[in-house]
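*Asks:* Below is the file protein-v3.txt, which contains compact mmCIF, C-alpha atoms.
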```txt
# COMPACT_ATOMS: atom_id res chain seq x y z
CA MET W 167 138.76 174.77 -20.93
CA LYS W 168 135.68 173.45 -19.15
CA GLU W 169 132.42 172.79 -20.92
CA LEU W 170 128.81 172.35 -19.87
CA LYS W 171 126.19 171.09 -22.28
CA THR W 172 122.61 171.56 -21.21
CA GLU W 173 119.10 171.99 -22.56
CA ALA W 174 118.23 175.62 -23.28
CA LEU W 175 115.58 175.87 -20.56
CA LYS W 176 115.27 178.61 -17.94
CA GLU W 177 114.95 175.91 -15.27
CA ASN W 178 118.59 175.00 -15.94
CA LEU W 179 119.88 178.44 -14.95
CA PRO W 180 120.98 177.38 -11.42
CA GLU W 181 123.05 174.55 -12.94
CA VAL W 182 124.69 176.96 -15.40
CA ILE W 183 125.53 179.53 -12.69
CA ALA W 184 126.86 176.82 -10.34
CA PHE W 185 129.13 175.54 -13.12
CA LEU W 186 130.45 179.03 -13.82
CA ASP W 187 130.98 179.85 -10.12
CA GLU W 188 132.96 176.65 -9.67
CA GLN W 189 135.43 177.77 -12.36
CA LEU W 190 135.58 181.35 -11.08
CA GLU W 191 136.16 180.28 -7.48
CA ALA W 192 138.96 177.94 -8.58
CA ALA W 193 140.57 180.95 -10.26
CA ASP W 194 140.19 183.16 -7.16
CA CYS W 195 137.93 185.55 -9.04
CA PRO W 196 137.01 188.56 -6.86
CA MET W 197 133.37 188.39 -5.61
CA LYS W 198 132.47 191.67 -7.26
CA LEU W 199 133.50 190.33 -10.66
CA GLN W 200 131.82 187.01 -9.97
CA MET W 201 128.52 188.86 -9.55
CA LYS W 202 129.00 190.70 -12.85
CA LEU W 203 129.89 187.48 -14.64
CA ASP W 204 126.93 185.63 -13.09
CA ILE W 205 124.59 188.39 -14.27
CA ALA W 206 126.09 188.38 -17.77
CA VAL W 207 125.79 184.60 -18.05
CA GLU W 208 122.24 184.65 -16.69
CA GLU W 209 121.18 187.27 -19.25
CA ILE W 210 122.74 185.41 -22.19
CA PHE W 211 121.54 181.96 -21.11
CA VAL W 212 117.98 183.12 -20.42
CA ASN W 213 117.94 184.92 -23.76
CA ILE W 214 118.92 181.71 -25.54
CA ALA W 215 116.35 179.75 -23.50
CA ASN W 216 113.61 182.22 -24.42
CA TYR W 217 114.35 182.87 -28.08
CA ALA W 218 116.79 180.46 -29.73
CA TYR W 219 114.41 177.55 -30.20
CA PRO W 220 110.90 178.95 -30.86
CA ASP W 221 109.55 175.58 -32.03
CA GLY W 222 110.70 173.55 -29.08
CA THR W 223 113.94 173.14 -27.32
CA GLY W 224 117.57 172.48 -28.12
CA THR W 225 120.93 172.43 -26.48
CA VAL W 226 123.35 175.11 -25.47
CA VAL W 227 127.03 174.62 -24.79
CA MET W 228 128.85 176.91 -22.40
CA GLN W 229 132.64 176.89 -22.43
CA VAL W 230 134.65 178.60 -19.71
CA GLU W 231 138.29 179.28 -20.41
CA MET W 232 140.72 180.84 -17.94
CA LEU W 233 143.68 182.69 -19.40
CA SER W 234 146.57 183.70 -17.19
CA ASP W 235 148.44 186.58 -18.74
CA PRO W 236 146.65 188.86 -18.00
CA PRO W 237 144.11 186.96 -15.85
CA THR W 238 141.06 186.78 -18.08
CA VAL W 239 137.97 184.63 -18.40
CA GLU W 240 136.40 183.84 -21.76
CA ILE W 241 132.89 182.43 -21.70
CA THR W 242 131.49 181.09 -24.95
CA PHE W 243 127.88 180.11 -25.66
CA ILE W 244 127.10 177.91 -28.64
CA ASP W 245 123.55 177.14 -29.74
CA SER W 246 121.99 175.86 -32.96
CA GLY W 247 118.93 178.09 -32.75
CA VAL W 248 117.75 180.96 -34.93
CA PRO W 249 120.61 183.28 -35.93
CA TYR W 250 120.75 186.11 -33.44
CA ASP W 251 123.52 188.65 -32.96
CA PRO W 252 122.96 190.39 -29.63
CA LEU W 253 125.70 192.90 -30.47
CA ALA W 254 123.68 194.18 -33.43
CA LYS W 255 120.80 195.17 -31.18
CA PRO W 256 120.50 198.92 -30.52
CA ASP W 257 120.98 199.92 -26.88
CA PRO W 258 117.86 200.93 -24.94
CA ASP W 259 117.40 204.61 -24.14
CA ILE W 260 118.17 204.65 -20.42
CA THR W 261 117.33 208.34 -20.04
CA LEU W 262 113.57 207.82 -20.53
CA SER W 263 111.12 208.14 -17.65
CA ALA W 264 109.60 205.12 -15.92
CA ASN W 265 106.46 205.22 -18.07
CA GLU W 266 108.39 205.50 -21.32
CA ARG W 267 110.99 202.87 -20.52
CA GLN W 268 111.06 199.79 -22.69
CA ILE W 269 112.22 196.87 -20.63
CA GLY W 270 113.32 194.78 -23.62
CA GLY W 271 117.01 194.80 -24.42
CA LEU W 272 118.01 195.73 -20.90
CA GLY W 273 119.64 192.38 -20.17
CA ILE W 274 121.94 192.46 -23.21
CA PHE W 275 122.74 196.08 -22.45
CA MET W 276 123.84 195.10 -18.92
CA VAL W 277 126.12 192.44 -20.41
CA LYS W 278 127.66 194.89 -22.90
CA LYS W 279 128.31 197.39 -20.12
CA SER W 280 129.92 194.92 -17.74
CA MET W 281 132.17 192.91 -20.07
CA ASP W 282 135.48 194.08 -21.53
CA ASP W 283 134.74 192.60 -24.92
CA MET W 284 132.17 190.47 -26.75
CA LYS W 285 132.42 188.58 -30.01
CA TYR W 286 129.69 187.02 -32.09
CA GLN W 287 129.78 184.81 -35.14
CA TYR W 288 127.30 182.58 -36.94
CA LEU W 289 129.15 179.55 -38.19
CA ASP W 290 127.90 176.21 -39.56
CA GLY W 291 124.36 176.88 -38.34
CA LYS W 292 125.50 177.88 -34.87
CA ASN W 293 125.40 181.08 -32.86
CA ILE W 294 128.76 181.51 -31.15
CA LEU W 295 128.93 184.29 -28.60
CA THR W 296 131.99 184.95 -26.45
CA LEU W 297 132.15 187.19 -23.39
CA ILE W 298 135.59 188.38 -22.33
CA LYS W 299 136.37 189.79 -18.89
CA ARG W 300 139.71 190.60 -17.26
CA LEU W 301 139.83 189.26 -13.73
CA VAL W 302 141.03 192.44 -12.12
CA ILE W 303 139.04 195.14 -10.38
CA THR W 304 139.56 198.45 -12.14
CA MET G 17 115.73 184.73 -2.05
CA THR G 18 113.50 185.36 0.96
CA ILE G 19 111.01 188.17 1.54
CA ASN G 20 109.81 189.33 4.91
CA LYS G 21 106.88 191.75 4.76
CA ILE G 22 105.65 194.01 7.53
CA THR G 23 102.76 196.44 7.07
CA LYS G 24 102.31 199.30 9.48
CA ASP G 25 100.29 202.52 9.16
CA GLY G 26 99.72 202.01 5.41
CA THR G 27 103.39 201.36 4.65
CA MET G 28 104.47 197.91 3.59
CA THR G 29 108.16 197.24 4.19
CA ALA G 30 109.64 194.22 2.43
CA GLU G 31 113.03 192.98 3.58
CA ILE G 32 114.47 191.12 0.61
CA SER G 33 117.45 188.80 1.02
CA GLY G 34 119.54 186.87 -1.47
CA ARG G 35 119.49 186.77 -5.25
CA VAL G 36 116.81 188.47 -7.33
CA ASP G 37 117.24 186.64 -10.62
CA THR G 38 115.25 184.95 -13.38
CA THR G 39 114.40 182.07 -11.05
CA THR G 40 113.31 184.10 -8.02
CA SER G 41 111.81 187.25 -9.60
CA PRO G 42 108.34 185.73 -10.18
CA ALA G 43 108.03 185.15 -6.39
CA LEU G 44 109.03 188.76 -5.68
CA GLU G 45 106.53 189.98 -8.26
CA ASN G 46 103.73 187.95 -6.66
CA GLU G 47 104.57 189.15 -3.16
CA LEU G 48 104.58 192.80 -4.23
CA LYS G 49 101.39 192.44 -6.29
CA GLU G 50 99.63 190.95 -3.31
CA SER G 51 100.43 194.08 -1.30
CA PHE G 52 99.52 196.72 -3.93
CA ASP G 53 95.91 197.04 -2.73
CA LYS G 54 96.74 196.71 0.94
CA CYS G 55 99.18 199.60 1.36
CA LYS G 56 99.70 203.21 0.40
CA ASN G 57 103.49 203.22 0.43
CA MET G 58 106.03 200.53 -0.25
CA VAL G 59 109.56 200.33 1.13
CA LEU G 60 111.95 197.70 -0.24
CA ASP G 61 114.83 197.03 2.11
CA PHE G 62 117.73 195.95 -0.08
CA ALA G 63 120.30 195.54 2.72
CA ASN G 64 120.66 191.81 2.07
CA VAL G 65 120.14 191.72 -1.69
CA GLU G 66 123.31 190.25 -3.18
CA TYR G 67 122.43 190.20 -6.84
CA ILE G 68 119.89 191.55 -9.31
CA SER G 69 119.53 190.76 -13.01
CA SER G 70 117.24 192.31 -15.63
CA ALA G 71 114.40 190.01 -14.51
CA GLY G 72 114.51 191.70 -11.09
CA LEU G 73 114.77 195.17 -12.62
CA ARG G 74 111.63 194.43 -14.62
CA VAL G 75 109.72 193.66 -11.41
CA LEU G 76 111.00 196.85 -9.75
CA LEU G 77 110.00 199.00 -12.73
CA SER G 78 106.50 197.55 -12.83
CA ALA G 79 106.03 197.93 -9.04
CA HIS G 80 107.37 201.48 -9.20
CA LYS G 81 104.80 202.36 -11.90
CA THR G 82 101.92 200.86 -9.92
CA MET G 83 102.91 202.47 -6.62
CA SER G 84 103.59 205.89 -8.15
CA LYS G 85 99.82 206.19 -8.68
CA LYS G 86 99.51 205.96 -4.89
CA GLY G 87 102.01 206.93 -2.20
CA GLY G 88 105.08 205.62 -3.92
CA MET G 89 107.82 203.03 -3.65
CA LYS G 90 111.19 203.58 -2.04
CA LEU G 91 114.34 201.46 -1.90
CA ILE G 92 116.55 201.63 1.17
CA ASN G 93 119.96 200.24 2.19
CA VAL G 94 121.09 199.56 -1.39
CA SER G 95 124.67 198.20 -1.44
CA GLU G 96 127.39 199.70 -3.59
CA ASP G 97 127.45 196.75 -6.00
CA ILE G 98 123.68 196.83 -6.55
CA MET G 99 123.76 200.63 -6.87
CA GLU G 100 126.28 200.25 -9.69
CA ILE G 101 123.75 198.11 -11.58
CA PHE G 102 121.03 200.74 -11.06
CA GLU G 103 123.39 203.43 -12.34
CA VAL G 104 124.49 201.52 -15.44
CA THR G 105 120.87 200.81 -16.42
CA GLY G 106 119.55 204.28 -15.63
CA PHE G 107 117.36 202.85 -12.85
CA SER G 108 118.99 205.17 -10.31
CA GLU G 109 117.21 208.02 -12.11
CA ILE G 110 113.84 206.28 -12.14
CA LEU G 111 113.62 204.65 -8.73
CA ASP G 112 113.35 206.48 -5.44
CA ILE G 113 116.51 205.30 -3.68
CA GLU G 114 117.32 206.51 -0.20
```
In structure tokens, how does this file's structure come out?
*Replies:*
Amino acid sequence: MKELKTEALKENLPEVIAFLDEQLEAADCPMKLQMKLDIAVEEIFVNIANYAYPDGTGTVVMQVEMLSDPPTVEITFIDSGVPYDPLAKPDPDITLSANERQIGGLGIFMVKKSMDDMKYQYLDGKNILTLIKRLVIT
Amino acid sequence: MTINKITKDGTMTAEISGRVDTTTSPALENELKESFDKCKNMVLDFANVEYISSAGLRVLLSAHKTMSKKGGMKLINVSEDIMEIFEVTGFSEILDIE
């Protein structure tokens, strides 16, 4: 398992994506899945950067674990910010017209749609969110 | 991300290349905003767009709304991977994609 600890700031997004891509490339992750995983990680990281620490800033830990049978990646985000369960958020109505569309919630929705599974728990004052994706193109 | 804009006969065509993400979307937004008053139609050439996150979708939705009061905004040369993102988010129903 590889781990990156960084400040929850949007400016650190390139560092976070580079760290993830390094692990995915080492595991021969198909490009198509790499894009989906990059998007998912961007959405979650930016969400934490924007909302977890309203009174300042704090840290976020990202853990990337590669499992082999079946080939799967598990990406876990841990922050000590305000409790927030993204899985509890209702999905946006994607059938509305352009003028009616609410743009909020779209990022998390994209993550939910592209991952195979997601788990959230709030433990010892920490948000722990895990994204799970099988490394095969279906 | 790089943007190359060409305006001809009231149509502004923007060739966008690279990643449209949280980091680069503000630049795209500024470039499009700058052209709103200077053109009637907008064409976004997505041939070399490799990646788009919700930050980029937000910019597209806002530009689409502004341009729909005029001639309109059209996306061309959208790759299969990017199209999948538009479909999942319902953007394929909102945007004019050729």
*Asks:* In Å, with one decimal, what is the gap from CA of Ala215 in chain W to CA of Val277 in chain W?
*Replies:*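 Going from CA of Ala215 in chain W over to CA of Val277 in chain W, I get 16.3 Å.
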*Asks:* Excluding Leu73 in chain G and any residue of its chain fewer than 4 positions from it, enumerate the residues within 9 Å of it, using all atoms listed in the file, and give them as a compact mmCIF listing (two decimals) with C-alpha atoms, keeping the file's coordinate frame.
*Replies:*
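The resulting around-v1.txt:
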```txt
# COMPACT_ATOMS: atom_id res chain seq x y z
CA ILE W 269 112.22 196.87 -20.63
CA LEU W 272 118.01 195.73 -20.90
CA VAL G 36 116.81 188.47 -7.33
CA SER G 41 111.81 187.25 -9.60
CA ILE G 68 119.89 191.55 -9.31
CA SER G 69 119.53 190.76 -13.01
CA LEU G 77 110.00 199.00 -12.73
CA SER G 78 106.50 197.55 -12.83
CA PHE G 102 121.03 200.74 -11.06
CA PHE G 107 117.36 202.85 -12.85
```
*Asks:* Give as a list in words every residue of chain W that touches chain G within 6 Å, counting all atoms listed in the file.
*Replies:* Ile205, Ile260, Ala264 and Gly273 of chain W
*Asks:* Separation of CA of Lys176 in chain W and CA of Gly247 in chain W, in Å?
*Replies:*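 For CA of Lys176 in chain W relative to CA of Gly247 in chain W, the distance reads 15.3 Å.
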*Asks:* Find the residue from W:Asn265, W:Phe243, W:Pro236, W:Glu208 that sits nearest to Gly72 in chain G; use all atoms listed in the file when measuring.
*Replies:*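 Smallest distance to Gly72 in chain G is found for W:Glu208.
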*Asks:* Select, from W:Ile244, W:Ala254, W:Met228, W:Ile214, the residue with the minimum atom-to-atom distance to Leu289 in chain W, counting only C-alpha atoms.
*Replies:* W:Ile244
*Asks:* With all atoms listed in the file as the basis for distance, which of G:Glu114, G:Lys85, G:Ala79, G:Met58 is at the shortest distance from Thr29 in chain G?
*Replies:* G:Met58
*Asks:* Show me the residues close to (136.8, 177.5, -19.2) - anything with an atom within 9 Å, counting all atoms listed in the file - and format the list as a PDB file with C-alpha atoms, in the frame of the given file.
*Replies:*
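Okay, part.pdb is ready:
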```
ATOM      1  CA  MET W 167     138.760 174.770 -20.930  1.00  0.00           C
ATOM      2  CA  LYS W 168     135.680 173.450 -19.150  1.00  0.00           C
ATOM      3  CA  GLU W 169     132.420 172.790 -20.920  1.00  0.00           C
ATOM      4  CA  LEU W 186     130.450 179.030 -13.820  1.00  0.00           C
ATOM      5  CA  GLN W 189     135.430 177.770 -12.360  1.00  0.00           C
ATOM      6  CA  MET W 228     128.850 176.910 -22.400  1.00  0.00           C
ATOM      7  CA  GLN W 229     132.640 176.890 -22.430  1.00  0.00           C
ATOM      8  CA  VAL W 230     134.650 178.600 -19.710  1.00  0.00           C
ATOM      9  CA  GLU W 231     138.290 179.280 -20.410  1.00  0.00           C
ATOM     10  CA  MET W 232     140.720 180.840 -17.940  1.00  0.00           C
ATOM     11  CA  LEU W 233     143.680 182.690 -19.400  1.00  0.00           C
ATOM     12  CA  VAL W 239     137.970 184.630 -18.400  1.00  0.00           C
ATOM     13  CA  GLU W 240     136.400 183.840 -21.760  1.00  0.00           C
ATOM     14  CA  ILE W 241     132.890 182.430 -21.700  1.00  0.00           C
ATOM     15  CA  THR W 242     131.490 181.090 -24.950  1.00  0.00           C
TER      16      THR W 242
END
```
*Asks:* Pick the closest to Gln200 in chain W from W:Lys278, W:Ile183, W:Val212, W:Tyr286: which is it, counting all atoms listed in the file?
*Replies:* W:Ile183
*Asks:* Quick one: residues within 10 Å of Asp25 in chain G, all atoms listed in the file counted, chain neighbours fewer than 4 positions away excluded, as a list of chain:residue names?
*Replies:*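 Within the cut-off, the hits are G:Cys55, G:Lys56, G:Asn57.
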*Asks:* For the atom pair CA of Glu31 in chain G and CA of Gly271 in chain W, what is the interatomic distance in Å to one decimal place?
*Replies:* 28.3 Å
*Asks:* Applying 7 Å and all atoms listed in the file, which residues near Lys90 in chain G remain after dropping the ones on its own chain fewer than 3 positions away? List them as a compact mmCIF listing (two decimals) with C-alpha atoms, in the frame of the given file.
*Replies:*
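Dumped everything to part_35.txt:
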```
# COMPACT_ATOMS: atom_id res chain seq x y z
CA MET G 58 106.03 200.53 -0.25
CA VAL G 59 109.56 200.33 1.13
CA LEU G 60 111.95 197.70 -0.24
CA ASP G 112 113.35 206.48 -5.44
CA ILE G 113 116.51 205.30 -3.68
```
*Asks:* Given the choices W:Val248, W:Ile274, W:Leu253, W:Leu190, which gets closest to Leu301 in chain W if the distance is worked out from all atoms listed in the file?
*Replies:*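 Counting all atoms listed in the file, the residue closest to Leu301 in chain W is W:Leu190.
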*Asks:* With distances taken over all atoms listed in the file, which residue among W:Tyr217, W:Phe275, W:Tyr250, W:Phe185 lies nearest Gly291 in chain W?
*Replies:*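 The shortest atom-to-atom distance to Gly291 in chain W comes from W:Tyr250.
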*Asks:* Output range 71-107 of chain G as a PDB file, in the frame of the given file, making sure N, CA and C atoms are there.
*Replies:*
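Ended up saving to out22.pdb:
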```
ATOM      1  N   ALA G  71     115.704 190.544 -14.915  1.00  0.00           N
ATOM      2  CA  ALA G  71     114.400 190.010 -14.510  1.00  0.00           C
ATOM      3  C   ALA G  71     113.920 190.724 -13.236  1.00  0.00           C
ATOM      4  N   GLY G  72     114.837 190.976 -12.322  1.00  0.00           N
ATOM      5  CA  GLY G  72     114.510 191.700 -11.090  1.00  0.00           C
ATOM      6  C   GLY G  72     114.219 193.164 -11.364  1.00  0.00           C
ATOM      7  N   LEU G  73     114.984 193.760 -12.269  1.00  0.00           N
ATOM      8  CA  LEU G  73     114.770 195.170 -12.620  1.00  0.00           C
ATOM      9  C   LEU G  73     113.374 195.366 -13.210  1.00  0.00           C
ATOM     10  N   ARG G  74     112.959 194.387 -13.996  1.00  0.00           N
ATOM     11  CA  ARG G  74     111.630 194.430 -14.620  1.00  0.00           C
ATOM     12  C   ARG G  74     110.534 194.486 -13.548  1.00  0.00           C
ATOM     13  N   VAL G  75     110.697 193.683 -12.507  1.00  0.00           N
ATOM     14  CA  VAL G  75     109.720 193.660 -11.410  1.00  0.00           C
ATOM     15  C   VAL G  75     109.720 195.004 -10.668  1.00  0.00           C
ATOM     16  N   LEU G  76     110.909 195.559 -10.449  1.00  0.00           N
ATOM     17  CA  LEU G  76     111.000 196.850  -9.750  1.00  0.00           C
ATOM     18  C   LEU G  76     110.332 197.959 -10.563  1.00  0.00           C
ATOM     19  N   LEU G  77     110.577 197.958 -11.881  1.00  0.00           N
ATOM     20  CA  LEU G  77     110.000 199.000 -12.730  1.00  0.00           C
ATOM     21  C   LEU G  77     108.473 198.931 -12.701  1.00  0.00           C
ATOM     22  N   SER G  78     107.950 197.732 -12.816  1.00  0.00           N
ATOM     23  CA  SER G  78     106.500 197.550 -12.830  1.00  0.00           C
ATOM     24  C   SER G  78     105.889 197.944 -11.476  1.00  0.00           C
ATOM     25  N   ALA G  79     106.532 197.570 -10.371  1.00  0.00           N
ATOM     26  CA  ALA G  79     106.030 197.930  -9.040  1.00  0.00           C
ATOM     27  C   ALA G  79     106.107 199.446  -8.830  1.00  0.00           C
ATOM     28  N   HIS G  80     107.198 200.030  -9.317  1.00  0.00           N
ATOM     29  CA  HIS G  80     107.370 201.480  -9.200  1.00  0.00           C
ATOM     30  C   HIS G  80     106.221 202.210  -9.908  1.00  0.00           C
ATOM     31  N   LYS G  81     105.888 201.737 -11.125  1.00  0.00           N
ATOM     32  CA  LYS G  81     104.800 202.360 -11.900  1.00  0.00           C
ATOM     33  C   LYS G  81     103.477 202.241 -11.160  1.00  0.00           C
ATOM     34  N   THR G  82     103.187 201.065 -10.640  1.00  0.00           N
ATOM     35  CA  THR G  82     101.920 200.860  -9.920  1.00  0.00           C
ATOM     36  C   THR G  82     101.853 201.732  -8.676  1.00  0.00           C
ATOM     37  N   MET G  83     102.926 201.749  -7.901  1.00  0.00           N
ATOM     38  CA  MET G  83     102.910 202.470  -6.620  1.00  0.00           C
ATOM     39  C   MET G  83     102.974 203.984  -6.809  1.00  0.00           C
ATOM     40  N   SER G  84     103.495 204.441  -7.960  1.00  0.00           N
ATOM     41  CA  SER G  84     103.590 205.890  -8.150  1.00  0.00           C
ATOM     42  C   SER G  84     102.211 206.525  -8.326  1.00  0.00           C
ATOM     43  N   LYS G  85     101.198 205.680  -8.598  1.00  0.00           N
ATOM     44  CA  LYS G  85      99.820 206.190  -8.680  1.00  0.00           C
ATOM     45  C   LYS G  85      99.243 206.371  -7.279  1.00  0.00           C
ATOM     46  N   LYS G  86      99.926 205.826  -6.289  1.00  0.00           N
ATOM     47  CA  LYS G  86      99.510 205.960  -4.890  1.00  0.00           C
ATOM     48  C   LYS G  86     100.590 206.735  -4.146  1.00  0.00           C
ATOM     49  N   GLY G  87     101.000 206.225  -2.987  1.00  0.00           N
ATOM     50  CA  GLY G  87     102.010 206.930  -2.200  1.00  0.00           C
ATOM     51  C   GLY G  87     103.400 206.890  -2.782  1.00  0.00           C
ATOM     52  N   GLY G  88     103.756 205.751  -3.344  1.00  0.00           N
ATOM     53  CA  GLY G  88     105.080 205.620  -3.920  1.00  0.00           C
ATOM     54  C   GLY G  88     105.837 204.408  -3.411  1.00  0.00           C
ATOM     55  N   MET G  89     106.974 204.155  -4.046  1.00  0.00           N
ATOM     56  CA  MET G  89     107.820 203.030  -3.650  1.00  0.00           C
ATOM     57  C   MET G  89     109.242 203.528  -3.468  1.00  0.00           C
ATOM     58  N   LYS G  90     109.844 203.110  -2.369  1.00  0.00           N
ATOM     59  CA  LYS G  90     111.190 203.580  -2.040  1.00  0.00           C
ATOM     60  C   LYS G  90     112.096 202.384  -1.771  1.00  0.00           C
ATOM     61  N   LEU G  91     113.359 202.495  -2.213  1.00  0.00           N
ATOM     62  CA  LEU G  91     114.340 201.460  -1.900  1.00  0.00           C
ATOM     63  C   LEU G  91     115.304 201.997  -0.854  1.00  0.00           C
ATOM     64  N   ILE G  92     115.597 201.185   0.148  1.00  0.00           N
ATOM     65  CA  ILE G  92     116.550 201.630   1.170  1.00  0.00           C
ATOM     66  C   ILE G  92     117.691 200.619   1.324  1.00  0.00           C
ATOM     67  N   ASN G  93     118.783 201.075   1.885  1.00  0.00           N
ATOM     68  CA  ASN G  93     119.960 200.240   2.190  1.00  0.00           C
ATOM     69  C   ASN G  93     120.530 199.497   0.974  1.00  0.00           C
ATOM     70  N   VAL G  94     120.564 200.185  -0.164  1.00  0.00           N
ATOM     71  CA  VAL G  94     121.090 199.560  -1.390  1.00  0.00           C
ATOM     72  C   VAL G  94     122.624 199.518  -1.310  1.00  0.00           C
ATOM     73  N   SER G  95     123.206 198.342  -1.516  1.00  0.00           N
ATOM     74  CA  SER G  95     124.670 198.200  -1.440  1.00  0.00           C
ATOM     75  C   SER G  95     125.335 198.856  -2.648  1.00  0.00           C
ATOM     76  N   GLU G  96     126.622 199.048  -2.524  1.00  0.00           N
ATOM     77  CA  GLU G  96     127.390 199.700  -3.590  1.00  0.00           C
ATOM     78  C   GLU G  96     127.330 198.921  -4.903  1.00  0.00           C
ATOM     79  N   ASP G  97     127.449 197.594  -4.794  1.00  0.00           N
ATOM     80  CA  ASP G  97     127.450 196.750  -6.000  1.00  0.00           C
ATOM     81  C   ASP G  97     126.095 196.798  -6.723  1.00  0.00           C
ATOM     82  N   ILE G  98     125.023 196.780  -5.946  1.00  0.00           N
ATOM     83  CA  ILE G  98     123.680 196.830  -6.550  1.00  0.00           C
ATOM     84  C   ILE G  98     123.433 198.231  -7.128  1.00  0.00           C
ATOM     85  N   MET G  99     123.929 199.244  -6.410  1.00  0.00           N
ATOM     86  CA  MET G  99     123.760 200.630  -6.870  1.00  0.00           C
ATOM     87  C   MET G  99     124.424 200.812  -8.238  1.00  0.00           C
ATOM     88  N   GLU G 100     125.563 200.153  -8.421  1.00  0.00           N
ATOM     89  CA  GLU G 100     126.280 200.250  -9.690  1.00  0.00           C
ATOM     90  C   GLU G 100     125.396 199.733 -10.833  1.00  0.00           C
ATOM     91  N   ILE G 101     124.649 198.667 -10.561  1.00  0.00           N
ATOM     92  CA  ILE G 101     123.750 198.110 -11.580  1.00  0.00           C
ATOM     93  C   ILE G 101     122.622 199.101 -11.883  1.00  0.00           C
ATOM     94  N   PHE G 102     122.090 199.739 -10.848  1.00  0.00           N
ATOM     95  CA  PHE G 102     121.030 200.740 -11.060  1.00  0.00           C
ATOM     96  C   PHE G 102     121.562 201.917 -11.868  1.00  0.00           C
ATOM     97  N   GLU G 103     122.813 202.280 -11.618  1.00  0.00           N
ATOM     98  CA  GLU G 103     123.390 203.430 -12.340  1.00  0.00           C
ATOM     99  C   GLU G 103     123.614 203.101 -13.807  1.00  0.00           C
ATOM    100  N   VAL G 104     124.187 201.921 -14.062  1.00  0.00           N
ATOM    101  CA  VAL G 104     124.490 201.520 -15.440  1.00  0.00           C
ATOM    102  C   VAL G 104     123.213 201.447 -16.284  1.00  0.00           C
ATOM    103  N   THR G 105     122.121 201.018 -15.680  1.00  0.00           N
ATOM    104  CA  THR G 105     120.870 200.810 -16.420  1.00  0.00           C
ATOM    105  C   THR G 105     119.951 202.025 -16.399  1.00  0.00           C
ATOM    106  N   GLY G 106     120.380 203.088 -15.718  1.00  0.00           N
ATOM    107  CA  GLY G 106     119.550 204.280 -15.630  1.00  0.00           C
ATOM    108  C   GLY G 106     118.446 204.163 -14.573  1.00  0.00           C
ATOM    109  N   PHE G 107     118.404 203.048 -13.852  1.00  0.00           N
ATOM    110  CA  PHE G 107     117.360 202.850 -12.850  1.00  0.00           C
ATOM    111  C   PHE G 107     117.543 203.780 -11.640  1.00  0.00           C
TER     112      PHE G 107
END
```
